[in-house]
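Participant: The structure is given below, and queries will be raised subsequently.
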Amino acid sequence: MSTQHQKVRVRIAPSPTGYLHLGTARTAVYNYLYAKHNHGRFVFRLEDTDEERSNDAYTQDIIKYLKWLGINWDEGPDIGGSYGPYRQTQKEEHYRKLANELVASKKAYFCYATQDELAKLKEDQQNSGLPSRYDNRGRFVSEKQAQEYEAEGRIPCIRLIVEEPRVVSWNDLIKGPISINTQDLGGDPVLVKSSGMAVYNFAVVVDDLDMEITDVIRGEDHIHNTAKQILIYEALGKECPRFAHAALIFDAEKQKLSKRKHGEFVHISKYEKDGYLPQALFNYLTQMSFTMSNGQEIFTQEEAIEAFDLAKVSKSPAIFDLTKLNWFNNHYLRALPANDFENLAKPYLKDLSLDKYEGPKINQMLNLIKDGLNNLSEIKEQLTYFEPKPIDLNQSEIRPILDTDSARKILRLMLENVDKFKNLDSPAAKALIDEIGLSNGFKKNKELYMPIRVALTGRLHGPDLSKIITILSGSGLVQERLENALNLTLQIKS
Ligand code: GLU
């Protein structure tokens with residue numbers, strides 16, 4: 001049946017040879033949105049034919065973080081009430097059977113070339129300045145020669161016969177018309193290795209056919225693979241799915257995102273651990289290369305499903321920009337109801353010693369900083385001054401603020417009034433500071449507030465000072481810190 005009339009079926013097909021990374025996650029997002037937009041189905045398949053590099057820890061990570069991102073697949077083997085991924089390794093017999101049929105119909109052949117032979121070929125090509133490629137030598141081996149190789153114990157691989165030169169073309173749903181010359185494909189590609197394992201390009205075609213995939217959406221690093229795969233579809237006498245290749249993701253310096261260069265920052269798990277919300281990351285990944293027609297940047301998954309269109313996905317590389325992601329995450333954190341935010345934030349308090357405070361005070365602290373957070377892991381740094389530890393007042397940018405007569409005056413006045421701050425709410429605390437200031441001749445708010453802020457927090461900036469005082473009051477810390485600051489600046493003076 002032609003893909004034109006079929007119900008849309010797409011898939012994400014990661015290899016479990018690494019943790020879920022931003023590139024695969026974005027591909028998953030696009031497949032998912034495309035499936036939902038077209039009322040189709042989204043399938044998850046693990047391409048685990050690379051036995052040496054595949055690892056169950058990677059598999060579990062991929063499953064966990066696809067789900068965390070809100071990307072759920074519509075079918076798969078039953079694993080106790082939910083769907084597991086489909087797996088390629090469970091189909092080896094099937095791939096081999098189809099490859100053997102291609103040999104029988106003379107579209108593929110057994111290639112007996114040894115690893116040493118191929119290494120020598122590569123070396124000769126390099127020495128002569130030629131691009132390295134397989135020279136299709138196995139095609140021309142006689143029956144008799146093949147028998148001799150068999151007798152020697154050589155185990156052949158299976159290669160597809162590729163006509164050269166020839167142009168393979170398709171109309172890419174993202175990039176438009178693409179043409180690849182078969183001379184650039186590196187020679188007749190292997191379908192099944194001598195170990196009996198199907199290679200990616202063959203297994204992926206067979207799987208996509210078996211799963212009736214109508215649209216293959218993936219990164220543009222697969223463009224040459226697509227040309228090979230089209231040739232395999234042809235050899236199998238099957239129609240191709242539609243193809244869409246998304247431009248790769250680069251960093252702000254236009255370097256391709258990679259584990260080697262960017263470390264953990266390419267892994268989705270890093271963002272969960274650092275306290276990014278899945279809906280923020282989903283939104284960010286979607287809009288990285290896809291723009292809503294009304295220019296709207298913040299949107300829900302439902303809005304994205306409604307609007308998603310591969311024709312509107314950019315052909316140019318996407319730029320991963322942490323500052324922009326922070327902006328998205330800040331928006332989603334701010335939008336959380338206080339209760340939800342508090343529950344999500346609590347685990348990030350574990351390295352702070354806040355035993356002095358009751359639950360409601362902790363919640364007040366959290367809500368104090370909520371609107372300014374880029375991610376939840378910033379909480380620790382932003383709340384350290386609530387810990388019962390001395391504040392470092394000797395930092396070069398804050399010390400001069402304390403060492404003035406006006407600062408000493410307000411610190412002294414605050415100490416005289418410190419008991420009055422107990423049990424005040426923040427508007428009342430603010431009114432009290434203002435009153436102290438006004439009745440003692442303070443004209444500028446900065447002269448009044450800055451020394452207090454610095455004494456209590458060791459910082460020049462931060463949330464509303466009266467709210468900080470309200471939380472600190474009752475812990476004894478207000479008095480202790482005002483005294484410390486005053487003593488320090490008096491020592492200097494004397
Ligand atoms: N296993 C391939 C990868 O992770 C899948 C590519 C495809 O979607 O066909 O890149």
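The way I read the labels, and the way they are meant: chains A, B, ... in the order of the structure tokens, residue 1 as the first residue of every chain, and ligand 1 as the first ligand shown, with later ones counted on from there.
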Could you find all residues in segment 215-270 of chain A that DSSP calls strand (DSSP E or B) from the backbone, and write them as a ChimeraX atom specification?
Facilitator: /A:215-219,242-246,249-250,256,267
Participant: The selected residues should be written to file as an mmCIF file, in the first residue's frame (atoms: N, CA, C and O atoms).
Facilitator:
```cif
data_model
loop_
_atom_site.group_PDB
_atom_site.id
_atom_site.type_symbol
_atom_site.label_atom_id
_atom_site.label_comp_id
_atom_site.auth_asym_id
_atom_site.auth_seq_id
_atom_site.Cartn_x
_atom_site.Cartn_y
_atom_site.Cartn_z
ATOM 1 N N ASP A 215 6.838 7.404 7.855
ATOM 2 C CA ASP A 215 7.686 8.590 7.810
ATOM 3 C C ASP A 215 8.889 8.378 8.715
ATOM 4 O O ASP A 215 8.723 8.052 9.884
ATOM 5 N N VAL A 216 10.066 8.566 8.146
ATOM 6 C CA VAL A 216 11.284 8.422 8.935
ATOM 7 C C VAL A 216 11.831 9.822 9.185
ATOM 8 O O VAL A 216 12.252 10.504 8.253
ATOM 9 N N ILE A 217 11.776 10.238 10.433
ATOM 10 C CA ILE A 217 12.252 11.583 10.792
ATOM 11 C C ILE A 217 13.476 11.391 11.671
ATOM 12 O O ILE A 217 13.396 10.747 12.721
ATOM 13 N N ARG A 218 14.610 11.902 11.250
ATOM 14 C CA ARG A 218 15.836 11.715 12.036
ATOM 15 C C ARG A 218 16.841 12.821 11.718
ATOM 16 O O ARG A 218 16.548 13.718 10.930
ATOM 17 N N GLY A 219 18.021 12.728 12.299
ATOM 18 C CA GLY A 219 19.026 13.773 12.101
ATOM 19 C C GLY A 219 19.666 13.699 10.732
ATOM 20 O O GLY A 219 19.723 12.622 10.123
ATOM 21 N N ARG A 242 8.358 8.108 3.622
ATOM 22 C CA ARG A 242 8.814 9.484 3.383
ATOM 23 C C ARG A 242 9.977 9.727 4.350
ATOM 24 O O ARG A 242 10.029 9.133 5.423
ATOM 25 N N PHE A 243 10.894 10.599 3.949
ATOM 26 C CA PHE A 243 12.043 10.896 4.814
ATOM 27 C C PHE A 243 12.077 12.369 5.185
ATOM 28 O O PHE A 243 11.720 13.231 4.362
ATOM 29 N N ALA A 244 12.529 12.629 6.393
ATOM 30 C CA ALA A 244 12.712 14.010 6.853
ATOM 31 C C ALA A 244 13.988 14.045 7.683
ATOM 32 O O ALA A 244 14.155 13.236 8.606
ATOM 33 N N HIS A 245 14.893 14.944 7.345
ATOM 34 C CA HIS A 245 16.162 15.029 8.077
ATOM 35 C C HIS A 245 16.305 16.388 8.728
ATOM 36 O O HIS A 245 16.361 17.411 8.038
ATOM 37 N N ALA A 246 16.376 16.369 10.046
ATOM 38 C CA ALA A 246 16.507 17.631 10.787
ATOM 39 C C ALA A 246 17.979 18.005 10.895
ATOM 40 O O ALA A 246 18.842 17.136 11.088
ATOM 41 N N ILE A 249 22.310 19.729 15.916
ATOM 42 C CA ILE A 249 22.329 20.750 16.970
ATOM 43 C C ILE A 249 23.779 21.168 17.229
ATOM 44 O O ILE A 249 24.660 20.325 17.409
ATOM 45 N N PHE A 250 23.991 22.475 17.237
ATOM 46 C CA PHE A 250 25.329 23.017 17.496
ATOM 47 C C PHE A 250 25.322 23.820 18.790
ATOM 48 O O PHE A 250 24.259 24.222 19.271
ATOM 49 N N LYS A 256 29.442 21.110 16.750
ATOM 50 C CA LYS A 256 28.431 20.069 16.912
ATOM 51 C C LYS A 256 28.399 19.603 18.378
ATOM 52 O O LYS A 256 29.456 19.447 18.991
ATOM 53 N N HIS A 267 23.427 15.134 27.905
ATOM 54 C CA HIS A 267 22.494 14.107 28.400
ATOM 55 C C HIS A 267 21.248 14.725 29.025
ATOM 56 O O HIS A 267 21.336 15.678 29.798
#
```
Participant: If you count only C-alpha atoms and all ligand atoms, which residues end up within 9 Å of ligand 1, as a PDB file with C-alpha atoms, in the first residue's frame?
Facilitator:
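Output file selection12.pdb follows:
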```
ATOM      1  CA  ARG A  11       9.349   5.792  15.288  1.00  0.00           C
ATOM      2  CA  ILE A  12      12.282   6.810  17.424  1.00  0.00           C
ATOM      3  CA  ALA A  13      15.021   4.259  17.022  1.00  0.00           C
ATOM      4  CA  PRO A  14      17.923   4.964  19.350  1.00  0.00           C
ATOM      5  CA  SER A  15      20.900   2.666  19.737  1.00  0.00           C
ATOM      6  CA  PRO A  16      21.499   1.861  23.421  1.00  0.00           C
ATOM      7  CA  THR A  17      25.165   2.745  23.121  1.00  0.00           C
ATOM      8  CA  THR A  24      17.869  11.935  20.021  1.00  0.00           C
ATOM      9  CA  THR A  27      14.259  13.726  17.127  1.00  0.00           C
ATOM     10  CA  ARG A  45      12.429   0.698  18.827  1.00  0.00           C
ATOM     11  CA  LEU A  46      15.848  -0.052  20.281  1.00  0.00           C
ATOM     12  CA  GLU A  47      18.475  -0.589  17.630  1.00  0.00           C
ATOM     13  CA  ASP A  48      20.606  -2.904  19.694  1.00  0.00           C
ATOM     14  CA  TYR A 200      22.086  -0.913  10.919  1.00  0.00           C
ATOM     15  CA  ASN A 201      21.174   0.048   7.348  1.00  0.00           C
ATOM     16  CA  VAL A 204      16.436  -0.468   9.939  1.00  0.00           C
ATOM     17  CA  VAL A 205      14.829  -0.998   6.542  1.00  0.00           C
ATOM     18  CA  ASP A 208      10.623   0.055   9.236  1.00  0.00           C
ATOM     19  CA  VAL A 216      11.284   8.422   8.935  1.00  0.00           C
ATOM     20  CA  ILE A 217      12.252  11.583  10.792  1.00  0.00           C
ATOM     21  CA  ARG A 218      15.836  11.715  12.036  1.00  0.00           C
ATOM     22  CA  GLY A 219      19.026  13.773  12.101  1.00  0.00           C
ATOM     23  CA  ASP A 221      23.822  12.812   9.818  1.00  0.00           C
ATOM     24  CA  HIS A 222      21.795   9.933   8.328  1.00  0.00           C
ATOM     25  CA  ASN A 225      22.376   6.132   5.116  1.00  0.00           C
ATOM     26  CA  THR A 226      19.037   7.124   3.645  1.00  0.00           C
TER      27      THR A 226
END
```
Participant: Out of segment 142-304 of chain A, which residues get helix (DSSP H, G or I) from DSSP, as an MDAnalysis selection string?
Facilitator: chainID A and resid 143:152 182:184 200:210 220:235 259:266 268:273 278:289 301:304
Participant: Within 12 Å of segment 358-367 of chain A, which residues of segment 381-403 of chain A show up? Give each one with its shortest atom-to-atom distance in Å (one decimal) and the two atoms involved, counting only C-alpha atoms, rows by chain then rising residue number, as CSV.
Facilitator:
```
residue,atom,partner,partner_atom,distance
A:Gln382,CA,A:Leu366,CA,9.5
A:Leu383,CA,A:Met365,CA,7.4
A:Thr384,CA,A:Met365,CA,10.7
A:Tyr385,CA,A:Met365,CA,10.7
A:Phe386,CA,A:Met365,CA,8.5
A:Glu387,CA,A:Ile362,CA,11.3
```
Participant: Given the choices A:Ile319, A:Ala235, A:Leu118, A:Ile471, which gets closest to Asp251 of chain A if the distance is worked out from only C-alpha atoms?
Facilitator: A:Ile319
Participant: Report as a PDB file with N, CA, C and O atoms, in the first residue's frame all protein, DNA and RNA residues lying within 8 Å of segment 426-429 of chain A, evaluated on only C-alpha atoms, omitting residues in the same chain fewer than 5 positions from it.
Facilitator:
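Listed below is the output, out.pdb:
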```
ATOM      1  N   PHE A 421      11.255  43.052  65.755  1.00  0.00           N
ATOM      2  CA  PHE A 421      11.047  42.384  64.457  1.00  0.00           C
ATOM      3  C   PHE A 421      10.456  40.982  64.601  1.00  0.00           C
ATOM      4  O   PHE A 421       9.932  40.426  63.643  1.00  0.00           O
ATOM      5  N   SER A 466      12.888  42.815  53.687  1.00  0.00           N
ATOM      6  CA  SER A 466      11.960  42.645  54.812  1.00  0.00           C
ATOM      7  C   SER A 466      11.477  41.195  54.886  1.00  0.00           C
ATOM      8  O   SER A 466      11.244  40.663  55.969  1.00  0.00           O
ATOM      9  N   LYS A 467      11.391  40.538  53.739  1.00  0.00           N
ATOM     10  CA  LYS A 467      10.993  39.117  53.758  1.00  0.00           C
ATOM     11  C   LYS A 467      12.116  38.262  54.342  1.00  0.00           C
ATOM     12  O   LYS A 467      11.856  37.298  55.069  1.00  0.00           O
ATOM     13  N   ILE A 469      14.268  39.233  56.541  1.00  0.00           N
ATOM     14  CA  ILE A 469      14.268  39.472  57.998  1.00  0.00           C
ATOM     15  C   ILE A 469      13.150  38.671  58.669  1.00  0.00           C
ATOM     16  O   ILE A 469      13.341  38.050  59.715  1.00  0.00           O
ATOM     17  N   THR A 470      12.008  38.661  58.033  1.00  0.00           N
ATOM     18  CA  THR A 470      10.875  37.926  58.602  1.00  0.00           C
ATOM     19  C   THR A 470      11.216  36.446  58.793  1.00  0.00           C
ATOM     20  O   THR A 470      10.871  35.836  59.802  1.00  0.00           O
TER      21      THR A 470
END
```
Participant: Please measure the separation of atom CA of Asp50 of chain A and atom CA of Phe202 of chain A, giving the value in Å to one decimal.
Facilitator: 13.1 Å
Participant: Nearest residue to Ser289 of chain A out of A:Leu66, A:Leu310, A:Leu191, A:Ala198, using only C-alpha atoms?
Facilitator: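 Under the stated criterion, the closest residue is A:Leu310.
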Participant: What's the separation between atom CA of Lys67 of chain A and atom CA of Ile79 of chain A, in Å to one decimal place?
Facilitator: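 Separation between atom CA of Lys67 of chain A and atom CA of Ile79 of chain A: 14.8 Å.
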Participant: Smallest atom-to-atom distance to Ala304 of chain A: which of A:Thr286, A:Ser195, A:Lys370, A:Ile379, using only C-alpha atoms?
Facilitator: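 That would be A:Thr286, the residue with the smallest distance to Ala304 of chain A.
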Participant: Enter the distance from atom CA of Gly186 of chain A to atom CA of Tyr134 of chain A, in Å, rounded to one decimal.
Facilitator: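 That distance, rounded to one decimal, is 6.0 Å.
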